[in-house]
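Novice: File work_28.tsv below, TSV, C-alpha atoms:
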chain	number	residue	atom	x	y	z
S	1	MET	CA	30.64	1.25	-1.75
S	2	ARG	CA	28.16	3.77	-0.38
S	3	ALA	CA	27.22	6.99	-2.14
S	4	GLY	CA	28.43	8.98	0.87
S	5	GLN	CA	31.93	7.57	0.46
S	6	LEU	CA	32.26	9.38	-2.85
S	7	SER	CA	33.76	12.85	-2.80
S	8	ARG	CA	31.21	15.56	-3.46
S	9	ASP	CA	32.84	16.16	-6.82
S	10	ALA	CA	32.75	12.49	-7.83
S	11	PHE	CA	29.10	12.37	-6.74
S	12	ARG	CA	28.32	15.39	-8.92
S	13	VAL	CA	30.17	13.90	-11.90
S	14	LEU	CA	27.99	10.79	-11.73
S	15	LEU	CA	24.74	12.73	-11.44
S	16	THR	CA	25.62	15.04	-14.31
S	17	GLY	CA	27.09	12.29	-16.47
S	18	SER	CA	26.31	8.60	-16.71
S	19	GLY	CA	24.02	8.66	-13.69
S	20	LEU	CA	24.20	7.95	-9.98
S	21	ARG	CA	23.34	4.26	-9.83
S	22	VAL	CA	22.05	3.19	-6.42
S	23	LYS	CA	20.36	0.16	-4.95
S	24	THR	CA	17.02	0.82	-3.25
S	25	GLY	CA	15.59	-2.38	-1.87
S	26	PRO	CA	14.91	-4.89	-4.65
S	27	PHE	CA	15.27	-2.21	-7.33
S	28	ASN	CA	18.19	-0.46	-8.93
S	29	LEU	CA	17.88	3.17	-9.81
S	30	SER	CA	19.85	5.47	-12.07
S	31	ILE	CA	19.47	9.20	-11.36
S	32	ARG	CA	20.71	12.07	-13.44
S	33	THR	CA	20.46	15.81	-12.87
S	34	ARG	CA	22.47	18.98	-13.38
S	35	LEU	CA	20.63	21.01	-10.75
S	36	PRO	CA	23.26	22.13	-8.20
S	37	GLN	CA	20.80	22.44	-5.33
S	38	LEU	CA	19.38	18.96	-5.94
S	39	ILE	CA	22.89	17.50	-6.20
S	40	ASP	CA	23.74	18.96	-2.77
S	41	GLN	CA	20.52	17.62	-1.27
S	42	LEU	CA	21.03	14.14	-2.70
S	43	TYR	CA	24.64	14.05	-1.48
S	44	ARG	CA	23.33	14.37	2.06
S	45	MET	CA	20.09	12.39	1.81
S	46	TYR	CA	21.36	9.48	-0.32
S	47	ALA	CA	24.66	9.07	1.55
S	48	HIS	CA	23.81	5.61	2.92
S	49	TYR	CA	22.73	3.96	-0.31
S	50	SER	CA	24.98	1.37	-1.91
S	51	LEU	CA	26.23	2.02	-5.39
S	52	MET	CA	25.29	-0.60	-7.95
S	53	GLY	CA	27.88	-2.85	-9.49
S	54	GLU	CA	29.01	-2.17	-13.03
S	55	ALA	CA	27.26	-5.27	-14.39
S	56	GLU	CA	23.92	-4.61	-12.69
S	57	ILE	CA	20.97	-3.28	-14.65
S	58	ALA	CA	18.90	-0.34	-13.41
S	59	GLU	CA	15.14	-0.90	-13.48
S	60	PHE	CA	14.42	2.81	-13.40
S	61	HIS	CA	16.25	5.60	-15.21
S	62	VAL	CA	15.11	8.92	-13.82
S	63	ARG	CA	16.18	12.46	-14.57
S	64	VAL	CA	15.36	15.92	-13.21
S	65	ILE	CA	15.97	18.63	-15.79
S	66	SER	CA	15.53	22.39	-16.06
S	67	ARG	CA	12.56	23.58	-18.06
S	68	CYS	CA	11.66	26.89	-19.68
S	69	SER	CA	8.10	28.09	-19.79
S	70	ILE	CA	6.75	30.58	-22.32
S	71	ARG	CA	3.99	31.49	-19.88
S	72	ARG	CA	6.41	31.95	-17.00
S	73	PRO	CA	9.66	33.06	-18.66
S	74	PHE	CA	11.37	34.12	-15.42
S	75	ALA	CA	10.34	31.13	-13.33
S	76	ARG	CA	12.95	28.48	-12.57
S	77	LEU	CA	11.15	25.25	-13.38
S	78	ILE	CA	12.17	21.62	-13.38
S	79	GLN	CA	10.65	18.46	-14.76
S	80	PHE	CA	10.89	14.84	-13.67
S	81	GLU	CA	11.44	12.16	-16.30
S	82	VAL	CA	11.38	8.39	-16.03
S	83	ASP	CA	12.78	6.55	-19.02
S	84	GLY	CA	12.34	9.73	-21.06
S	85	ARG	CA	8.70	10.32	-20.15
S	86	SER	CA	7.34	13.15	-17.98
S	87	PRO	CA	4.46	12.06	-15.77
S	88	PHE	CA	4.19	15.45	-14.04
S	89	PRO	CA	3.99	19.02	-15.38
S	90	PRO	CA	6.96	21.29	-14.62
S	91	VAL	CA	7.19	22.58	-11.05
S	92	PRO	CA	9.32	25.27	-9.36
S	93	ALA	CA	12.98	24.26	-9.05
S	94	GLU	CA	12.77	24.36	-5.25
S	95	GLN	CA	10.49	21.31	-5.42
S	96	ALA	CA	13.03	19.17	-7.28
S	97	LEU	CA	13.76	16.75	-4.43
S	98	ALA	CA	10.08	16.19	-3.58
S	99	THR	CA	9.22	15.72	-7.25
S	100	LEU	CA	12.07	13.26	-7.74
S	101	GLU	CA	10.94	11.17	-4.76
S	102	TRP	CA	7.27	11.19	-5.78
S	103	GLY	CA	8.25	10.38	-9.32
S	104	ILE	CA	10.24	7.34	-8.26
S	105	ASN	CA	7.32	6.16	-6.12
S	106	LEU	CA	4.96	6.63	-9.05
S	107	ALA	CA	7.23	4.61	-11.32
S	108	ILE	CA	7.33	1.79	-8.76
S	109	ALA	CA	3.55	1.87	-8.29
S	110	MET	CA	2.89	1.86	-12.04
S	111	ARG	CA	5.43	-0.71	-13.17
S	112	ILE	CA	6.05	-3.29	-10.49
S	113	ASN	CA	3.59	-6.11	-10.92
S	114	HIS	CA	5.58	-9.16	-9.96
S	115	LEU	CA	5.06	-8.08	-6.34
S	116	LEU	CA	1.85	-7.18	-4.56
S	117	LEU	CA	2.06	-3.49	-3.63
S	118	PHE	CA	0.14	-2.44	-0.56
S	119	HIS	CA	-0.24	1.23	0.18
S	120	SER	CA	1.28	0.78	3.57
S	121	ALA	CA	4.13	1.61	5.84
S	122	ALA	CA	6.12	-1.45	6.84
S	123	VAL	CA	8.64	-1.86	9.64
S	124	GLU	CA	10.33	-4.89	11.16
S	125	ARG	CA	10.76	-5.84	14.80
S	126	ASN	CA	11.77	-9.14	16.36
S	127	GLY	CA	12.19	-10.64	12.91
S	128	HIS	CA	8.70	-9.94	11.59
S	129	VAL	CA	7.06	-7.18	9.63
S	130	LEU	CA	4.47	-4.86	11.11
S	131	LEU	CA	2.31	-3.55	8.30
S	132	LEU	CA	0.66	-0.16	8.75
S	133	PRO	CA	-1.72	0.24	5.80
S	134	ALA	CA	-3.47	3.59	5.59
S	135	TRP	CA	-4.95	6.12	3.25
S	136	PRO	CA	-3.12	9.43	2.69
S	137	GLY	CA	-3.50	11.76	5.65
S	138	SER	CA	-3.67	9.01	8.24
S	139	GLY	CA	-0.24	9.83	9.60
S	140	LYS	CA	1.51	6.62	8.56
S	141	THR	CA	4.74	8.35	7.51
S	142	THR	CA	4.89	10.23	10.80
S	143	LEU	CA	4.26	7.09	12.84
S	144	CYS	CA	6.74	5.18	10.71
S	145	THR	CA	9.37	7.86	11.38
S	146	ALA	CA	8.86	7.54	15.12
S	147	LEU	CA	9.08	3.75	14.98
S	148	ILE	CA	12.30	3.58	12.99
S	149	HIS	CA	14.00	5.88	15.48
S	150	ARG	CA	12.90	3.65	18.34
S	151	GLY	CA	14.26	0.27	17.33
S	152	TYR	CA	12.16	-0.77	14.35
S	153	ARG	CA	13.81	-1.45	10.99
S	154	LEU	CA	12.42	0.53	8.09
S	155	PHE	CA	10.99	-1.40	5.17
S	156	SER	CA	9.02	1.49	3.66
S	157	ASP	CA	6.74	4.34	4.65
S	158	GLU	CA	4.76	3.96	1.39
S	159	PHE	CA	4.85	0.41	0.02
S	160	GLY	CA	4.30	-2.98	1.54
S	161	LEU	CA	6.14	-5.00	-1.13
S	162	MET	CA	5.03	-8.61	-0.90
S	163	ASP	CA	6.07	-11.60	-2.96
S	164	PRO	CA	2.64	-13.19	-3.53
S	165	GLN	CA	4.09	-16.70	-3.74
S	166	SER	CA	6.29	-16.81	-0.63
S	167	GLY	CA	4.57	-14.09	1.41
S	168	ALA	CA	7.95	-12.43	2.05
S	169	PHE	CA	8.09	-8.66	2.33
S	170	PHE	CA	10.92	-6.73	0.70
S	171	PRO	CA	12.51	-3.68	2.30
S	172	LEU	CA	12.40	-0.51	0.23
S	173	PRO	CA	13.93	2.07	2.55
S	174	ARG	CA	13.54	5.39	0.79
S	175	LEU	CA	13.28	9.01	1.87
S	176	MET	CA	10.08	9.62	3.79
S	177	PRO	CA	8.14	12.82	3.12
S	178	LEU	CA	6.77	14.44	6.26
S	179	LYS	CA	4.08	16.98	5.52
S	180	ASN	CA	3.07	20.24	7.14
S	181	ARG	CA	2.59	19.95	10.92
S	182	SER	CA	4.27	16.55	11.03
S	183	ILE	CA	7.61	18.21	10.30
S	184	GLU	CA	7.60	20.23	13.50
S	185	VAL	CA	6.16	17.32	15.46
S	186	ILE	CA	9.04	15.08	14.40
S	187	ARG	CA	11.67	17.79	14.93
S	188	ASP	CA	10.40	18.15	18.51
S	189	TYR	CA	10.04	14.46	19.28
S	190	LEU	CA	13.05	13.13	17.40
S	191	PRO	CA	15.79	15.77	17.31
S	192	GLU	CA	18.16	13.03	16.14
S	193	ALA	CA	16.19	12.45	12.91
S	194	VAL	CA	18.00	13.69	9.80
S	195	LEU	CA	15.62	15.82	7.78
S	196	GLY	CA	16.09	17.37	4.36
S	197	PRO	CA	15.12	20.93	3.50
S	198	GLU	CA	11.59	22.17	4.03
S	199	ILE	CA	9.98	22.42	0.61
S	200	PRO	CA	6.94	24.71	0.63
S	201	GLY	CA	4.22	25.05	-1.97
S	202	THR	CA	3.94	21.45	-3.17
S	203	LEU	CA	0.58	19.86	-3.96
S	204	LYS	CA	0.70	18.34	-0.48
S	205	GLY	CA	1.82	21.55	1.25
S	206	THR	CA	5.22	21.87	2.88
S	207	VAL	CA	7.29	18.70	2.72
S	208	ALA	CA	10.52	17.68	4.45
S	209	HIS	CA	12.08	14.26	3.92
S	210	VAL	CA	13.44	11.98	6.61
S	211	ARG	CA	16.65	10.18	5.73
S	212	PRO	CA	16.31	6.43	6.40
S	213	PRO	CA	18.63	5.09	9.10
S	214	GLN	CA	21.86	3.61	7.79
S	215	GLU	CA	21.13	0.26	9.43
S	216	SER	CA	17.84	-0.10	7.52
S	217	ILE	CA	19.58	0.60	4.23
S	218	ARG	CA	22.46	-1.75	5.06
S	219	ARG	CA	19.97	-4.60	5.65
S	220	THR	CA	17.98	-3.85	2.51
S	221	ASP	CA	18.27	-7.44	1.25
S	222	GLU	CA	16.80	-9.00	4.41
S	223	THR	CA	13.19	-9.92	3.72
S	224	ALA	CA	10.72	-10.97	6.42
S	225	GLN	CA	7.24	-12.37	6.84
S	226	SER	CA	4.49	-10.19	8.26
S	227	ARG	CA	2.94	-11.02	11.62
S	228	TRP	CA	0.94	-7.91	12.43
S	229	ILE	CA	-1.36	-5.67	10.41
S	230	VAL	CA	-2.31	-2.44	12.17
S	231	PHE	CA	-4.49	0.19	10.49
S	232	PRO	CA	-3.42	3.49	12.09
S	233	LYS	CA	-5.27	6.75	12.39
S	234	TRP	CA	-3.89	9.83	14.06
S	235	SER	CA	-6.62	11.84	15.80
S	236	THR	CA	-5.98	15.00	17.80
S	237	GLY	CA	-6.35	14.44	21.53
S	238	ALA	CA	-7.65	10.89	21.14
S	239	ALA	CA	-6.92	8.32	23.82
S	240	LEU	CA	-4.95	5.36	22.54
S	241	GLN	CA	-7.03	2.54	21.07
S	242	LEU	CA	-5.46	-0.64	19.74
S	243	GLU	CA	-8.31	-3.03	19.16
S	244	PRO	CA	-8.78	-6.29	17.28
S	245	LEU	CA	-10.04	-5.87	13.75
S	246	PRO	CA	-12.19	-8.60	12.16
S	247	ARG	CA	-10.14	-10.40	9.53
S	248	SER	CA	-12.89	-9.90	6.95
S	249	GLU	CA	-12.54	-6.14	7.41
S	250	ALA	CA	-8.76	-6.36	7.29
S	251	PHE	CA	-9.01	-8.27	4.02
S	252	LEU	CA	-11.24	-5.64	2.47
S	253	LEU	CA	-9.11	-2.72	3.67
S	254	LEU	CA	-5.90	-4.35	2.46
S	255	ALA	CA	-7.24	-5.42	-0.90
S	256	SER	CA	-8.82	-2.07	-1.61
S	257	ASN	CA	-5.69	-0.12	-0.81
S	258	ALA	CA	-3.27	-2.27	-2.79
S	259	PHE	CA	-2.01	-0.62	-5.97
S	260	ASN	CA	-2.18	-3.73	-8.14
S	261	TYR	CA	-4.64	-6.07	-6.41
S	262	GLU	CA	-7.04	-6.27	-9.36
S	263	LEU	CA	-4.26	-6.56	-11.87
S	264	LEU	CA	-2.81	-9.61	-10.12
S	265	GLY	CA	-6.25	-11.24	-9.90
S	266	GLU	CA	-6.44	-14.62	-8.19
S	267	THR	CA	-2.76	-14.47	-7.24
S	268	ALA	CA	-3.52	-11.37	-5.17
S	269	PHE	CA	-6.69	-12.89	-3.69
S	270	ASN	CA	-4.72	-15.93	-2.54
S	271	ALA	CA	-1.86	-13.81	-1.22
S	272	VAL	CA	-4.08	-11.45	0.77
S	273	THR	CA	-6.09	-14.39	2.13
S	274	HIS	CA	-2.89	-16.10	3.30
S	275	LEU	CA	-1.51	-12.86	4.74
S	276	VAL	CA	-4.62	-11.97	6.72
S	277	ARG	CA	-5.07	-15.53	8.02
S	278	ASN	CA	-1.51	-15.50	9.35
S	279	CYS	CA	-1.42	-12.03	10.92
S	280	GLU	CA	-2.85	-10.37	13.98
S	281	CYS	CA	-5.08	-7.53	12.78
S	282	ARG	CA	-5.68	-4.37	14.79
S	283	LYS	CA	-7.04	-0.90	14.31
S	284	LEU	CA	-5.17	1.90	16.00
S	285	VAL	CA	-6.18	5.41	17.01
S	286	TYR	CA	-3.51	7.54	18.64
S	287	SER	CA	-2.51	11.08	19.35
S	288	ASP	CA	0.86	10.83	21.11
S	289	PHE	CA	4.00	8.90	20.34
S	290	ASP	CA	4.87	7.64	23.83
S	291	SER	CA	1.66	5.69	24.24
S	292	VAL	CA	1.57	4.33	20.69
S	293	LEU	CA	5.20	3.20	20.88
S	294	ALA	CA	4.52	1.40	24.15
S	295	ALA	CA	1.45	-0.30	22.70
S	296	LEU	CA	3.18	-1.40	19.50
S	297	ASP	CA	6.24	-2.58	21.46
S	298	ALA	CA	3.93	-4.72	23.61
S	299	LEU	CA	2.17	-6.11	20.55
S	300	THR	CA	5.40	-6.97	18.74
S	301	ASP	CA	7.05	-8.40	21.88
S	302	MET	CA	4.26	-10.90	22.44
S	303	PRO	CA	5.00	-14.52	21.53
S	304	ALA	CA	3.08	-15.70	18.47
S	305	ASP	CA	0.66	-17.87	20.42
S	306	MET	CA	-0.31	-15.03	22.79
S	307	ASN	CA	-1.29	-12.36	20.23
F	308	MET	CA	-40.93	-15.74	-15.46
F	309	ASP	CA	-37.22	-15.07	-15.09
F	310	HIS	CA	-34.96	-17.76	-13.77
F	311	TRP	CA	-31.53	-16.95	-12.38
F	312	GLN	CA	-28.33	-18.88	-12.12
F	313	VAL	CA	-24.74	-18.27	-11.15
F	314	HIS	CA	-22.36	-17.70	-14.01
F	315	GLY	CA	-19.53	-20.22	-13.56
F	316	PHE	CA	-20.16	-21.17	-9.94
F	317	SER	CA	-17.46	-23.84	-9.86
F	318	SER	CA	-14.79	-21.32	-10.76
F	319	LEU	CA	-15.60	-18.99	-7.85
F	320	ARG	CA	-13.08	-18.89	-5.00
F	321	ILE	CA	-14.89	-18.54	-1.69
F	322	GLU	CA	-13.21	-17.82	1.65
F	323	ASN	CA	-15.07	-17.89	4.97
F	324	TRP	CA	-14.17	-15.22	7.53
F	325	ASP	CA	-16.24	-16.20	10.55
F	326	GLY	CA	-19.56	-15.94	8.76
F	327	GLU	CA	-18.59	-13.29	6.24
F	328	PHE	CA	-17.27	-14.27	2.87
F	329	THR	CA	-14.91	-13.05	0.19
F	330	VAL	CA	-15.71	-14.37	-3.25
F	331	PHE	CA	-13.20	-14.09	-6.06
F	332	GLN	CA	-14.61	-14.26	-9.57
F	333	PRO	CA	-11.82	-15.23	-11.99
F	334	GLU	CA	-13.69	-14.10	-15.08
F	335	SER	CA	-13.96	-10.48	-13.95
F	336	GLY	CA	-10.98	-10.48	-11.59
F	337	LYS	CA	-13.23	-8.90	-8.96
F	338	THR	CA	-13.47	-9.77	-5.29
F	339	HIS	CA	-16.90	-9.52	-3.68
F	340	PHE	CA	-17.73	-9.31	0.00
F	341	LEU	CA	-20.88	-11.16	1.08
F	342	ASN	CA	-22.75	-11.99	4.23
F	343	GLU	CA	-24.26	-15.40	4.87
F	344	MET	CA	-27.48	-14.56	3.04
F	345	GLY	CA	-25.62	-13.33	-0.04
F	346	LEU	CA	-23.48	-16.45	-0.12
F	347	GLN	CA	-26.52	-18.75	0.15
F	348	VAL	CA	-28.11	-16.90	-2.78
F	349	LEU	CA	-25.02	-17.74	-4.84
F	350	ILE	CA	-24.90	-21.35	-3.66
F	351	MET	CA	-28.61	-21.93	-4.40
F	352	LEU	CA	-28.35	-20.31	-7.82
F	353	GLY	CA	-25.22	-22.34	-8.43
F	354	GLN	CA	-27.13	-25.61	-8.08
F	355	SER	CA	-29.80	-24.95	-10.72
F	356	PRO	CA	-31.72	-22.02	-12.25
F	357	VAL	CA	-34.32	-20.66	-9.82
F	358	THR	CA	-37.06	-18.04	-9.97
F	359	LEU	CA	-37.29	-15.23	-7.46
F	360	GLU	CA	-40.20	-16.95	-5.74
F	361	GLY	CA	-38.41	-20.26	-5.64
F	362	LEU	CA	-35.28	-18.66	-4.26
F	363	CYS	CA	-37.19	-16.82	-1.55
F	364	GLN	CA	-38.81	-20.08	-0.50
F	365	LYS	CA	-35.46	-21.88	-0.33
F	366	LEU	CA	-33.87	-19.06	1.64
F	367	SER	CA	-36.81	-18.89	4.06
F	368	GLU	CA	-36.45	-22.58	4.71
F	369	TYR	CA	-32.68	-22.45	5.07
F	370	PHE	CA	-32.69	-19.51	7.49
F	371	THR	CA	-36.08	-20.51	9.05
F	372	LEU	CA	-37.47	-17.04	8.37
F	373	LEU	CA	-40.95	-15.92	9.33
F	374	PRO	CA	-43.13	-14.74	6.42
F	375	ASP	CA	-42.22	-11.17	5.48
F	376	THR	CA	-43.84	-9.30	2.60
F	377	GLN	CA	-40.69	-7.21	2.08
F	378	PHE	CA	-38.37	-10.20	1.79
F	379	PRO	CA	-38.95	-10.82	-1.97
F	380	GLU	CA	-38.23	-7.15	-2.67
F	381	GLN	CA	-34.94	-7.37	-0.78
F	382	ILE	CA	-33.92	-10.52	-2.63
F	383	ALA	CA	-34.95	-8.97	-5.96
F	384	ARG	CA	-32.61	-6.06	-5.25
F	385	THR	CA	-29.84	-8.51	-4.37
F	386	LEU	CA	-30.39	-10.34	-7.67
F	387	GLN	CA	-30.23	-7.08	-9.60
F	388	ARG	CA	-26.99	-6.18	-7.85
F	389	PHE	CA	-25.47	-9.61	-8.47
F	390	GLU	CA	-26.52	-9.38	-12.12
F	391	ALA	CA	-24.86	-5.97	-12.44
F	392	LEU	CA	-21.69	-7.43	-10.92
F	393	GLY	CA	-21.75	-10.27	-13.45
F	394	LEU	CA	-22.14	-12.93	-10.76
F	395	ILE	CA	-25.50	-14.22	-12.01
F	396	VAL	CA	-27.41	-14.29	-15.29
F	397	ARG	CA	-31.07	-14.58	-16.30
F	398	VAL	CA	-31.94	-17.75	-18.16
F	399	LYS	CA	-34.97	-18.81	-20.13
F	400	GLU	CA	-37.50	-21.01	-18.35
F	401	SER	CA	-36.76	-23.90	-20.67
F	402	ALA	CA	-33.14	-23.88	-19.54
When written as structure tokens, how does the structure in this file appear?
Specialist:
Amino acid sequence: MRAGQLSRDAFRVLLTGSGLRVKTGPFNLSIRTRLPQLIDQLYRMYAHYSLMGEAEIAEFHVRVISRCSIRRPFARLIQFEVDGRSPFPPVPAEQALATLEWGINLAIAMRINHLLLFHSAAVERNGHVLLLPAWPGSGKTTLCTALIHRGYRLFSDEFGLMDPQSGAFFPLPRLMPLKNRSIEVIRDYLPEAVLGPEIPGTLKGTVAHVRPPQESIRRTDETAQSRWIVFPKWSTGAALQLEPLPRSEAFLLLASNAFNYELLGETAFNAVTHLVRNCECRKLVYSDFDSVLAALDALTDMPADMN
Amino acid sequence: MDHWQVHGFSSLRIENWDGEFTVFQPESGKTHFLNEMGLQVLIMLGQSPVTLEGLCQKLSEYFTLLPDTQFPEQIARTLQRFEALGLIVRVKESA
């Protein structure tokens, strides 16, 4: 059963009571909150997620609660908790959705060490994963949003989740936070994209989340091997460049932007070596969606022996 | 005079990327990125303890380098860096 098949009232009862228990990729998540505005937002944005079975265990128990502040007695503040701990200070109540999403990402990044976690967008086309590793501000969420509305299946805009033994990537289709100018850019280019409310004043500026396509969430158990690694960089007015990247450089960039590379030690070294040896590596500079979509379509359409 | 040698050479994992190398050091859990010269320094110091002068001579022969007064300084800096990274150690002459 999907969360969106619940009545709004049943959805609210779960969130305010035992918890809304949903499956997000390889993880199960229990969410609780009594904030009416957040409940409304989640009812729309989490509609496609499957509810967990009764017998399944949630890896993450998260909660968003109201907070009072002596310094700011009239401010409406909220706080995010994961398993009873608060990794962030209280923030204005309007930022509840953004804080919840960042909090869940933080919990994944801090706790998941049986998988190698690349800081990377990941999408699938023609049965293989296209990894888009990038530092914050490189535009990977924006590019990922364009791709998943043009035939690519969303794995994640934030994490490349790789089983270091098998090399398989796991989908983790979660809400994708567009920031600042990207919001308007996506509204213009993809009017069909479902966006959450614009949330101003966060640490990253104004944020609006993209709801993952239903098809990507439905296929959340379908893993895939990676075949392409493309390091993207959005640059105003730049002509499209999609050029080969030396594998040594790809190795360094991937290893240095993985959340738990050092923690996993030799396992991670072996996994990144195997990944880079078996993928086509490119660096990408782009400034418009039409040209970058055409270039990435061509790359991912090419038979393996012609890349 | 200081001699140098690689600390646990046999345990290093070395991958060749078309003439550039990633070296994983299990003891520290660190991955190092080396060019051909850096890798040869490790290989030569992995065979037996060597002085700076001896190492420079071996490298000059291996890479057929012309005499260069700055070369020993460059290699000395490389040794200091490798020592700081825990890749090599100084050993007594009698070792």
Novice: In Å, with one decimal, what is the gap from atom CA of S:Leu77 to atom CA of S:Pro200?
Specialist: 14.6 Å
Novice: At a cut-off of 12 Å, can you tabulate as JSON lines every residue of chain F near chain S together with its closest atom pair and the distance in Å to one decimal, using all atoms listed in the file and ordering rows by chain then number?
Specialist:
{"residue": "F:Ser318", "atom": "CA", "partner": "S:Glu266", "partner_atom": "CA", "distance": 11.0}
{"residue": "F:Leu319", "atom": "CA", "partner": "S:Glu266", "partner_atom": "CA", "distance": 10.2}
{"residue": "F:Arg320", "atom": "CA", "partner": "S:Glu266", "partner_atom": "CA", "distance": 8.5}
{"residue": "F:Ile321", "atom": "CA", "partner": "S:Phe269", "partner_atom": "CA", "distance": 10.2}
{"residue": "F:Glu322", "atom": "CA", "partner": "S:Thr273", "partner_atom": "CA", "distance": 7.9}
{"residue": "F:Asn323", "atom": "CA", "partner": "S:Ser248", "partner_atom": "CA", "distance": 8.5}
{"residue": "F:Trp324", "atom": "CA", "partner": "S:Ser248", "partner_atom": "CA", "distance": 5.5}
{"residue": "F:Asp325", "atom": "CA", "partner": "S:Ser248", "partner_atom": "CA", "distance": 8.0}
{"residue": "F:Gly326", "atom": "CA", "partner": "S:Ser248", "partner_atom": "CA", "distance": 9.2}
{"residue": "F:Glu327", "atom": "CA", "partner": "S:Ser248", "partner_atom": "CA", "distance": 6.7}
{"residue": "F:Phe328", "atom": "CA", "partner": "S:Ser248", "partner_atom": "CA", "distance": 7.4}
{"residue": "F:Thr329", "atom": "CA", "partner": "S:Ser248", "partner_atom": "CA", "distance": 7.7}
{"residue": "F:Val330", "atom": "CA", "partner": "S:Phe269", "partner_atom": "CA", "distance": 9.2}
{"residue": "F:Phe331", "atom": "CA", "partner": "S:Phe269", "partner_atom": "CA", "distance": 7.0}
{"residue": "F:Gln332", "atom": "CA", "partner": "S:Glu266", "partner_atom": "CA", "distance": 8.3}
{"residue": "F:Pro333", "atom": "CA", "partner": "S:Glu266", "partner_atom": "CA", "distance": 6.6}
{"residue": "F:Glu334", "atom": "CA", "partner": "S:Gly265", "partner_atom": "CA", "distance": 9.5}
{"residue": "F:Ser335", "atom": "CA", "partner": "S:Gly265", "partner_atom": "CA", "distance": 8.7}
{"residue": "F:Gly336", "atom": "CA", "partner": "S:Gly265", "partner_atom": "CA", "distance": 5.1}
{"residue": "F:Lys337", "atom": "CA", "partner": "S:Glu262", "partner_atom": "CA", "distance": 6.7}
{"residue": "F:Thr338", "atom": "CA", "partner": "S:Phe269", "partner_atom": "CA", "distance": 7.6}
{"residue": "F:His339", "atom": "CA", "partner": "S:Leu252", "partner_atom": "CA", "distance": 9.2}
{"residue": "F:Phe340", "atom": "CA", "partner": "S:Leu252", "partner_atom": "CA", "distance": 7.9}
{"residue": "F:Leu341", "atom": "CA", "partner": "S:Ser248", "partner_atom": "CA", "distance": 10.0}
{"residue": "F:Asn342", "atom": "CA", "partner": "S:Ser248", "partner_atom": "CA", "distance": 10.4}
Novice: Kindly save the residues from that selection, with C-alpha atoms included, as a short mmCIF file (atom, residue, chain, number, x, y, z; two decimals), in the frame of the given file.
Specialist:
data_model
loop_
_atom_site.label_atom_id
_atom_site.label_comp_id
_atom_site.auth_asym_id
_atom_site.auth_seq_id
_atom_site.Cartn_x
_atom_site.Cartn_y
_atom_site.Cartn_z
CA SER F 318 -14.79 -21.32 -10.76
CA LEU F 319 -15.60 -18.99 -7.85
CA ARG F 320 -13.08 -18.89 -5.00
CA ILE F 321 -14.89 -18.54 -1.69
CA GLU F 322 -13.21 -17.82 1.65
CA ASN F 323 -15.07 -17.89 4.97
CA TRP F 324 -14.17 -15.22 7.53
CA ASP F 325 -16.24 -16.20 10.55
CA GLY F 326 -19.56 -15.94 8.76
CA GLU F 327 -18.59 -13.29 6.24
CA PHE F 328 -17.27 -14.27 2.87
CA THR F 329 -14.91 -13.05 0.19
CA VAL F 330 -15.71 -14.37 -3.25
CA PHE F 331 -13.20 -14.09 -6.06
CA GLN F 332 -14.61 -14.26 -9.57
CA PRO F 333 -11.82 -15.23 -11.99
CA GLU F 334 -13.69 -14.10 -15.08
CA SER F 335 -13.96 -10.48 -13.95
CA GLY F 336 -10.98 -10.48 -11.59
CA LYS F 337 -13.23 -8.90 -8.96
CA THR F 338 -13.47 -9.77 -5.29
CA HIS F 339 -16.90 -9.52 -3.68
CA PHE F 340 -17.73 -9.31 0.00
CA LEU F 341 -20.88 -11.16 1.08
CA ASN F 342 -22.75 -11.99 4.23
#
Novice: One decimal, in Å: what's the spacing between atom CA of S:Glu158 and atom CA of S:Ile57?
Specialist: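 So the answer is 23.9 Å.
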Novice: I'd like to know which of S:Ala122, S:Leu132, S:Cys68, S:Val185 is closest to S:Pro173, using only C-alpha atoms.
Specialist: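 Of S:Ala122, S:Leu132, S:Cys68, S:Val185, the one nearest S:Pro173 is S:Ala122, counting only C-alpha atoms.
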Novice: Tell me which of F:Gly353, F:Pro374, F:Gly361, F:Gly315 sits closest to F:Gly393, counting all atoms listed in the file.
Specialist: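 That would be F:Gly315, the residue with the smallest distance to F:Gly393.
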Novice: Within 12 Å of S:Ile186, counting all atoms listed in the file, which residues qualify if same-chain residues fewer than 5 places away don't, as a PyMOL selection string?
Specialist: chain S and resi 139+141-147+149+176-181+191-195+208-210+288-289
Novice: Just to confirm, what's the straight-line distance from atom CA of S:Arg211 to atom CA of S:Ala47 in Å (one decimal)?
Specialist: 9.1 Å
Novice: Taking all atoms listed in the file into account, which of S:Leu20, S:Leu29, S:Val272, S:Val91 comes nearest S:Asn105?
Specialist: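 Residue with the minimum atom-to-atom distance to S:Asn105: S:Leu29.
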Novice: Would you mind listing what lies within 9 Å of S:Pro26 as a ChimeraX atom specification, with only C-alpha atoms counted and same-chain residues fewer than 6 positions away left out?
Specialist: /S:170-172,220-221
Novice: Name the residues in contact with S:Ser66 at a cut-off of 12 Å, using all atoms listed in the file, excluding same-chain residues fewer than 4 positions from it; report them as number ranges by chain.
Specialist: S: 32-38, 75-81, 90-96
Novice: Residues near S:Asn278, anyone? I mean within 10 Å using only C-alpha atoms, not counting same-chain ones fewer than 2 positions away, as a short mmCIF file (atom, residue, chain, number, x, y, z; two decimals) with C-alpha atoms, in the frame of the given file.
Specialist:
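Heads up, here's the output in part24.cif:
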data_model
loop_
_atom_site.label_atom_id
_atom_site.label_comp_id
_atom_site.auth_asym_id
_atom_site.auth_seq_id
_atom_site.Cartn_x
_atom_site.Cartn_y
_atom_site.Cartn_z
CA GLN S 225 7.24 -12.37 6.84
CA SER S 226 4.49 -10.19 8.26
CA ARG S 227 2.94 -11.02 11.62
CA TRP S 228 0.94 -7.91 12.43
CA ILE S 229 -1.36 -5.67 10.41
CA VAL S 272 -4.08 -11.45 0.77
CA THR S 273 -6.09 -14.39 2.13
CA HIS S 274 -2.89 -16.10 3.30
CA LEU S 275 -1.51 -12.86 4.74
CA VAL S 276 -4.62 -11.97 6.72
CA GLU S 280 -2.85 -10.37 13.98
CA CYS S 281 -5.08 -7.53 12.78
#
